[in-house]
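Printed here is entry_22.txt (compact mmCIF, C-alpha atoms and all ligand atoms):
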# COMPACT_ATOMS: atom_id res chain seq x y z
CA MET A 25 95.41 95.26 101.03
CA SER A 26 92.14 93.49 100.34
CA PHE A 27 88.63 93.60 101.65
CA GLN A 28 85.72 91.20 101.60
CA LEU A 29 82.06 92.04 101.34
CA ASN A 30 79.35 89.46 100.76
CA GLY A 31 81.99 86.97 99.70
CA LYS A 32 83.57 89.43 97.26
CA VAL A 33 87.23 90.21 97.58
CA ILE A 34 88.84 93.45 96.56
CA PHE A 35 92.47 94.41 96.85
CA PHE A 36 93.97 97.75 97.77
CA ALA A 37 97.43 97.93 96.27
CA THR A 38 99.70 99.87 98.58
CA GLY A 39 103.08 99.54 100.20
CA ASN A 40 102.25 102.21 102.76
CA ILE A 41 101.20 100.76 106.12
CA HIS A 42 99.93 104.14 107.34
CA LYS A 43 97.58 104.49 104.39
CA PHE A 44 96.51 100.91 104.98
CA ASN A 45 95.68 101.52 108.65
CA GLU A 46 93.78 104.72 107.88
CA ALA A 47 91.78 103.06 105.12
CA ARG A 48 91.19 99.92 107.20
CA GLN A 49 89.55 101.93 109.94
CA VAL A 50 87.23 103.76 107.56
CA LEU A 51 86.27 100.61 105.68
CA SER A 52 85.74 98.56 108.83
CA ARG A 53 83.09 101.06 109.93
CA HIS A 54 81.29 100.06 106.75
CA LYS A 55 81.77 96.39 107.63
CA ILE A 56 84.40 95.99 104.97
CA THR A 57 87.34 93.84 106.04
CA VAL A 58 90.75 94.84 104.77
CA GLY A 59 94.07 93.15 104.20
CA MET A 60 97.24 94.36 102.50
CA LEU A 61 98.44 93.42 99.02
CA LYS A 62 101.78 94.60 97.76
CA VAL A 63 101.99 94.83 93.99
CA LYS A 64 104.31 97.17 92.20
CA THR A 65 102.17 100.12 91.12
CA LEU A 66 103.08 102.37 88.23
CA GLU A 67 103.20 106.07 89.12
CA ILE A 68 103.24 108.21 86.00
CA GLN A 69 104.34 111.84 86.09
CA SER A 70 101.32 114.06 85.73
CA GLU A 71 99.87 117.21 87.23
CA ASN A 72 96.56 115.42 87.55
CA LEU A 73 96.10 113.12 90.58
CA GLU A 74 93.13 111.40 88.98
CA GLU A 75 95.14 110.52 85.89
CA ILE A 76 97.95 109.13 88.08
CA ALA A 77 95.53 107.03 90.15
CA LYS A 78 93.67 105.73 87.09
CA THR A 79 96.85 104.67 85.30
CA SER A 80 98.13 103.08 88.47
CA VAL A 81 94.98 101.06 89.16
CA VAL A 82 94.78 99.71 85.61
CA HIS A 83 98.45 98.72 85.81
CA ALA A 84 97.86 96.96 89.14
CA PHE A 85 94.74 95.22 87.78
CA ARG A 86 96.66 93.86 84.81
CA GLN A 87 99.11 92.19 87.18
CA CYS A 88 96.55 90.27 89.21
CA ASP A 89 93.25 90.35 87.28
CA ILE A 90 91.07 90.96 90.33
CA PRO A 91 89.01 93.97 91.45
CA ILE A 92 91.46 96.45 92.88
CA ILE A 93 91.83 99.90 94.39
CA VAL A 94 94.77 102.27 94.65
CA GLU A 95 95.01 105.67 96.30
CA ASP A 96 97.09 108.65 95.28
CA ALA A 97 97.51 111.82 97.29
CA GLY A 98 99.07 115.26 96.92
CA LEU A 99 99.81 118.32 99.04
CA PHE A 100 99.04 121.74 97.53
CA VAL A 101 100.51 124.79 99.26
CA GLU A 102 98.74 128.02 98.30
CA ALA A 103 101.72 130.37 98.74
CA LEU A 104 103.83 128.06 96.54
CA ASN A 105 101.23 128.04 93.75
CA GLY A 106 100.18 124.50 94.56
CA PHE A 107 103.68 123.02 94.95
CA PRO A 108 104.46 120.16 95.57
CA GLY A 109 101.02 118.95 94.42
CA PRO A 110 101.20 115.49 92.85
CA TYR A 111 104.99 115.52 93.24
CA ALA A 112 104.65 115.34 97.04
CA SER A 113 106.28 111.94 97.24
CA TYR A 114 109.44 113.07 95.44
CA VAL A 115 109.59 116.32 97.39
CA TYR A 116 109.21 114.45 100.67
CA LYS A 117 112.02 112.06 99.70
CA THR A 118 114.33 114.88 98.67
CA ILE A 119 113.76 117.90 100.95
CA SER A 120 111.25 116.46 103.43
CA ASN A 121 109.41 118.57 106.05
CA GLU A 122 112.47 120.66 106.88
CA GLY A 123 112.89 121.69 103.23
CA LEU A 124 109.25 122.60 102.79
CA LEU A 125 109.30 124.74 105.96
CA LYS A 126 112.39 126.49 104.60
CA LEU A 127 110.55 127.32 101.39
CA MET A 128 107.73 128.74 103.53
CA GLU A 129 110.00 130.89 105.72
CA LYS A 130 108.58 134.38 106.29
CA ASN A 131 105.45 133.42 104.40
CA MET A 132 102.30 134.68 106.10
CA ASN A 133 99.95 132.63 103.94
CA ARG A 134 100.21 129.11 105.38
CA ARG A 135 97.09 127.71 103.68
CA ALA A 136 97.43 124.28 102.10
CA LYS A 137 95.29 121.32 101.17
CA PHE A 138 95.72 117.58 100.84
CA GLN A 139 93.87 115.83 98.07
CA SER A 140 93.24 112.11 97.75
CA VAL A 141 91.97 110.06 94.85
CA VAL A 142 90.86 106.47 95.40
CA ALA A 143 90.65 104.64 92.08
CA TYR A 144 88.81 101.35 91.60
CA PHE A 145 88.99 99.01 88.63
CA SER A 146 87.55 95.61 87.79
CA GLU A 147 86.88 93.63 84.64
CA GLU A 148 83.26 94.85 84.48
CA LEU A 149 84.40 98.44 83.94
CA ASP A 150 85.62 100.21 80.81
CA THR A 151 87.46 102.86 82.79
CA PRO A 152 88.40 103.15 86.49
CA LEU A 153 86.08 104.90 88.93
CA CYS A 154 87.49 107.66 91.13
CA PHE A 155 86.46 108.89 94.58
CA LYS A 156 87.96 112.15 95.82
CA GLY A 157 88.53 113.79 99.15
CA GLU A 158 90.30 116.94 100.27
CA VAL A 159 91.11 118.78 103.48
CA TRP A 160 92.21 122.39 103.92
CA GLY A 161 94.50 123.46 106.71
CA GLU A 162 97.77 125.25 107.37
CA ILE A 163 101.46 124.51 107.24
CA THR A 164 102.78 124.94 110.77
CA GLU A 165 105.81 127.14 111.56
CA LYS A 166 107.64 124.20 113.12
CA ILE A 167 107.70 120.44 112.83
CA ARG A 168 105.25 119.02 115.37
CA ARG A 169 105.70 115.29 115.64
CA GLY A 170 103.31 113.27 117.73
CA CYS A 171 103.37 109.55 118.00
CA SER A 172 101.78 108.68 114.67
CA GLY A 173 101.49 109.72 111.07
CA PHE A 174 103.78 109.82 108.06
CA GLY A 175 105.01 112.15 105.34
CA PHE A 176 103.94 115.75 105.83
CA ASP A 177 101.72 114.94 108.83
CA PRO A 178 104.05 116.77 111.31
CA ILE A 179 103.65 120.10 109.47
CA PHE A 180 99.97 119.97 108.48
CA LYS A 181 97.25 121.19 110.84
CA PRO A 182 93.70 120.87 109.46
CA PHE A 183 91.36 123.83 110.00
CA GLY A 184 89.21 123.22 113.06
CA SER A 185 91.95 121.44 114.99
CA GLN A 186 94.79 122.56 117.24
CA LYS A 187 96.78 119.43 116.42
CA THR A 188 98.85 118.46 113.42
CA PHE A 189 97.96 115.16 111.75
CA ALA A 190 101.05 113.65 113.41
CA GLU A 191 99.72 114.60 116.85
CA MET A 192 96.43 112.81 116.20
CA SER A 193 95.39 109.20 116.54
CA ILE A 194 94.21 107.54 113.33
CA THR A 195 90.62 107.96 114.53
CA GLU A 196 91.15 111.71 114.95
CA LYS A 197 92.98 112.09 111.64
CA ASN A 198 90.17 110.26 109.88
CA LYS A 199 87.68 112.88 111.07
CA TYR A 200 89.44 115.41 108.89
CA SER A 201 91.58 113.68 106.32
CA HIS A 202 91.43 113.74 102.54
CA ARG A 203 91.99 109.96 102.47
CA ALA A 204 89.18 109.15 104.92
CA LYS A 205 86.78 111.31 102.89
CA ALA A 206 87.70 109.56 99.65
CA PHE A 207 87.47 106.10 101.23
CA ARG A 208 84.09 106.92 102.80
CA LYS A 209 82.78 107.81 99.34
CA PHE A 210 84.22 104.61 97.94
CA ALA A 211 82.74 102.50 100.77
CA LYS A 212 79.30 104.04 100.28
CA TRP A 213 79.38 103.29 96.57
CA TYR A 214 80.75 99.77 97.03
CA LYS A 215 78.17 98.89 99.65
CA SER A 216 75.36 100.10 97.41
CA LEU A 217 76.79 97.94 94.63
CA CYS A 218 76.82 94.88 96.87
CA LYS A 219 73.38 95.76 98.32
CA VAL A 220 74.48 95.25 101.95
P1 LIG B 1 101.38 109.17 97.41
O1 LIG B 1 101.96 109.40 96.05
O2 LIG B 1 99.90 109.02 97.40
O3 LIG B 1 102.06 108.07 98.17
O4 LIG B 1 101.59 110.47 98.29
C1 LIG B 1 102.60 111.37 97.99
C2 LIG B 1 103.28 111.88 99.22
O5 LIG B 1 102.43 112.81 99.86
C3 LIG B 1 103.61 110.84 100.27
O6 LIG B 1 104.87 110.29 100.06
C4 LIG B 1 103.59 111.65 101.53
O7 LIG B 1 104.84 112.23 101.74
C5 LIG B 1 102.57 112.72 101.23
N1 LIG B 1 101.26 112.35 101.79
C6 LIG B 1 100.22 111.77 101.18
N2 LIG B 1 99.20 111.61 102.01
C7 LIG B 1 99.64 112.09 103.19
C8 LIG B 1 99.04 112.17 104.46
O8 LIG B 1 97.92 111.75 104.74
N3 LIG B 1 99.80 112.75 105.41
C9 LIG B 1 101.05 113.23 105.20
N4 LIG B 1 101.65 113.15 104.03
C10 LIG B 1 100.95 112.58 103.03

Since I need it in another form, could you write the structure as structure tokens?
Amino acid sequence: MSFQLNGKVIFFATGNIHKFNEARQVLSRHKITVGMLKVKTLEIQSENLEEIAKTSVVHAFRQCDIPIIVEDAGLFVEALNGFPGPYASYVYKTISNEGLLKLMEKNMNRRAKFQSVVAYFSEELDTPLCFKGEVWGEITEKIRRGCSGFGFDPIFKPFGSQKTFAEMSITEKNKYSHRAKAFRKFAKWYKSLCKV
């Protein structure tokens, strides 16, 4: 996806429409217009989200040579020593929500956090810039699907809410979410750069 500010265009490389819609809402509040750009992003294997996002944004930049952002997220479950962490995507594809709940069976400690890293890169920079956000909450006992969300949203309930992310609208999810926090930081920085 891309956004324009004072005539500048930036692209957010993602194939995930849910991430796009969440980010679009945050950025639009900062008067940043967004659109979606699909480029193949490289996702290296690493235990460090920031390293994954940085590698990915540089790879995406090299393909199109324009200012670009990518976002990488992970889910860290306390009782599972941080599993699946940055491997959340693979774990979701393989065992999904049902599998994760099975691993958590009879576990009293349901604490978990989502982390998000938004990485930005352009030709003016030597290395990518990163903006981070996280949200703590709990893994629910059962899958609680609402009418929105993706991934682990149906089993993650942020502290301070009675609803899982999947039971929330995008506006509600953005009040709590790791991604919204990271994008808010990015938007603040980008606006200061463009002196809006
Ligand atoms: P990605 O590598 O940033 O795409 O995220 C890894 C995986 O974590 C995704 O495939 C989702 O399953 C999960 N994930 C990331 N962010 C969220 C979220 O906001 N809600 C639910 N699941 C998420």

From A:Ser193, A:Lys209, A:Phe100, A:Arg203, residue lying nearest A:Trp160 [all atoms listed in the file]: A:Phe100

message: As a quick test: using all atoms listed in the file, which residues lie no more than 9 Å away from ligand LIG 1 (chain B)? Give them as a ChimeraX atom specification.
response: /A:38-40,42-43,46,67,73,76-77,94-99,108-117,120-121,138-141,173-180,189-190,197,201-203

- prompt: Any idea what the distance is between atom CA of A:Asp89 and atom CA of A:Arg53?
  reply: 27.0 Å

message: Using Å and a single decimal, report how far atom CA of A:Glu147 sits from atom CA of A:Thr79.
response: 14.9 Å

query: Residues at most 12 Å from A:Met128, counting all atoms listed in the file, excluding those fewer than 4 positions away in the same chain, as a VMD selection string?
result: chain A and resid 101 to 105 107 121 to 124 132 to 136 162 to 166 179

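A straight line drawn from atom CA of A:Pro152 to atom CA of A:Phe210 is 12.3 Å long.
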
- line: Of A:Ala47, A:Cys171, A:Val82, A:Leu217, the one nearest to A:Lys64 when counting all atoms listed in the file is A:Val82

- prompt: Restricting the calculation to all atoms listed in the file, which member of A:Val50, A:Val142, A:Leu61, A:Leu125 is positioned closest to A:Val81?
  reply: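 With all atoms listed in the file as the atom set, the closest residue is A:Val142.
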
message: From the options A:Gly59, A:Gly170, A:Pro182, A:Gly157, which residue's atoms come nearest to A:Ala206, counting only C-alpha atoms?
response: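 Residue with the minimum atom-to-atom distance to A:Ala206: A:Gly157.
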
Spatial neighbours of A:Tyr144, 6 Å, all atoms listed in the file, chain gap at least 2 places, as a list in words: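 Non-adjacent residues within range: Ile92, Ile93, Pro152 and Leu153 of chain A.
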
Counting all atoms listed in the file, the residue of A:Phe183, A:Tyr200, A:Phe207, A:Phe145 that sits nearest A:Asn45: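 So, comparing all the options, the nearest one is A:Phe207.
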
With N, CA and C atoms as the target, complete stretch 175-203 of chain A and hand it back as a short mmCIF file (atom, residue, chain, number, x, y, z; two decimals), keeping the file's coordinate frame.
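Output contents, as saved in rebuild-v9.cif:
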data_model
loop_
_atom_site.label_atom_id
_atom_site.label_comp_id
_atom_site.auth_asym_id
_atom_site.auth_seq_id
_atom_site.Cartn_x
_atom_site.Cartn_y
_atom_site.Cartn_z
N GLY A 175 104.87 111.07 106.33
CA GLY A 175 105.01 112.15 105.34
C GLY A 175 104.94 113.54 105.96
N PHE A 176 104.05 114.36 105.40
CA PHE A 176 103.94 115.75 105.83
C PHE A 176 103.02 115.93 107.04
N ASP A 177 102.61 114.84 107.66
CA ASP A 177 101.72 114.94 108.83
C ASP A 177 102.24 115.88 109.93
N PRO A 178 103.57 115.91 110.22
CA PRO A 178 104.05 116.77 111.31
C PRO A 178 104.00 118.28 111.02
N ILE A 179 103.70 118.66 109.76
CA ILE A 179 103.65 120.10 109.47
C ILE A 179 102.28 120.53 108.94
N PHE A 180 101.31 119.62 108.98
CA PHE A 180 99.97 119.97 108.48
C PHE A 180 98.94 119.92 109.60
N LYS A 181 98.29 121.07 109.80
CA LYS A 181 97.25 121.19 110.84
C LYS A 181 95.93 121.52 110.14
N PRO A 182 94.97 120.59 110.16
CA PRO A 182 93.70 120.87 109.46
C PRO A 182 92.93 121.99 110.15
N PHE A 183 92.21 122.79 109.39
CA PHE A 183 91.36 123.83 110.00
C PHE A 183 90.36 123.15 110.93
N GLY A 184 90.15 123.77 112.09
CA GLY A 184 89.21 123.22 113.06
C GLY A 184 89.90 122.39 114.12
N SER A 185 91.22 122.22 113.99
CA SER A 185 91.95 121.44 114.99
C SER A 185 93.18 122.21 115.48
N GLN A 186 93.56 121.96 116.70
CA GLN A 186 94.79 122.56 117.24
C GLN A 186 95.99 121.64 117.01
N LYS A 187 95.72 120.43 116.58
CA LYS A 187 96.78 119.43 116.42
C LYS A 187 97.19 119.25 114.97
N THR A 188 98.45 118.89 114.75
CA THR A 188 98.85 118.46 113.42
C THR A 188 98.37 117.01 113.25
N PHE A 189 98.36 116.55 112.00
CA PHE A 189 97.96 115.16 111.75
C PHE A 189 98.84 114.19 112.55
N ALA A 190 100.13 114.55 112.71
CA ALA A 190 101.05 113.65 113.41
C ALA A 190 100.76 113.57 114.91
N GLU A 191 100.06 114.59 115.42
CA GLU A 191 99.72 114.60 116.85
C GLU A 191 98.37 113.92 117.11
N MET A 192 97.76 113.44 116.06
CA MET A 192 96.43 112.81 116.20
C MET A 192 96.53 111.29 116.15
N SER A 193 95.54 110.64 116.74
CA SER A 193 95.39 109.20 116.54
C SER A 193 94.81 109.01 115.14
N ILE A 194 94.80 107.79 114.66
CA ILE A 194 94.21 107.54 113.33
C ILE A 194 92.73 107.93 113.33
N THR A 195 92.05 107.62 114.43
CA THR A 195 90.62 107.96 114.53
C THR A 195 90.42 109.47 114.37
N GLU A 196 91.27 110.25 115.05
CA GLU A 196 91.15 111.71 114.95
C GLU A 196 91.48 112.19 113.54
N LYS A 197 92.58 111.67 112.99
CA LYS A 197 92.98 112.09 111.64
C LYS A 197 91.87 111.79 110.64
N ASN A 198 91.23 110.65 110.81
CA ASN A 198 90.17 110.26 109.88
C ASN A 198 88.94 111.15 109.94
N LYS A 199 88.81 111.94 111.01
CA LYS A 199 87.68 112.88 111.07
C LYS A 199 87.87 114.01 110.07
N TYR A 200 89.13 114.27 109.75
CA TYR A 200 89.44 115.41 108.89
C TYR A 200 89.98 115.01 107.50
N SER A 201 90.64 113.88 107.43
CA SER A 201 91.58 113.68 106.32
C SER A 201 90.94 113.47 104.95
N HIS A 202 91.71 113.91 103.97
CA HIS A 202 91.43 113.74 102.54
C HIS A 202 91.20 112.26 102.23
N ARG A 203 92.06 111.40 102.78
CA ARG A 203 91.99 109.96 102.47
C ARG A 203 90.70 109.36 103.04
#
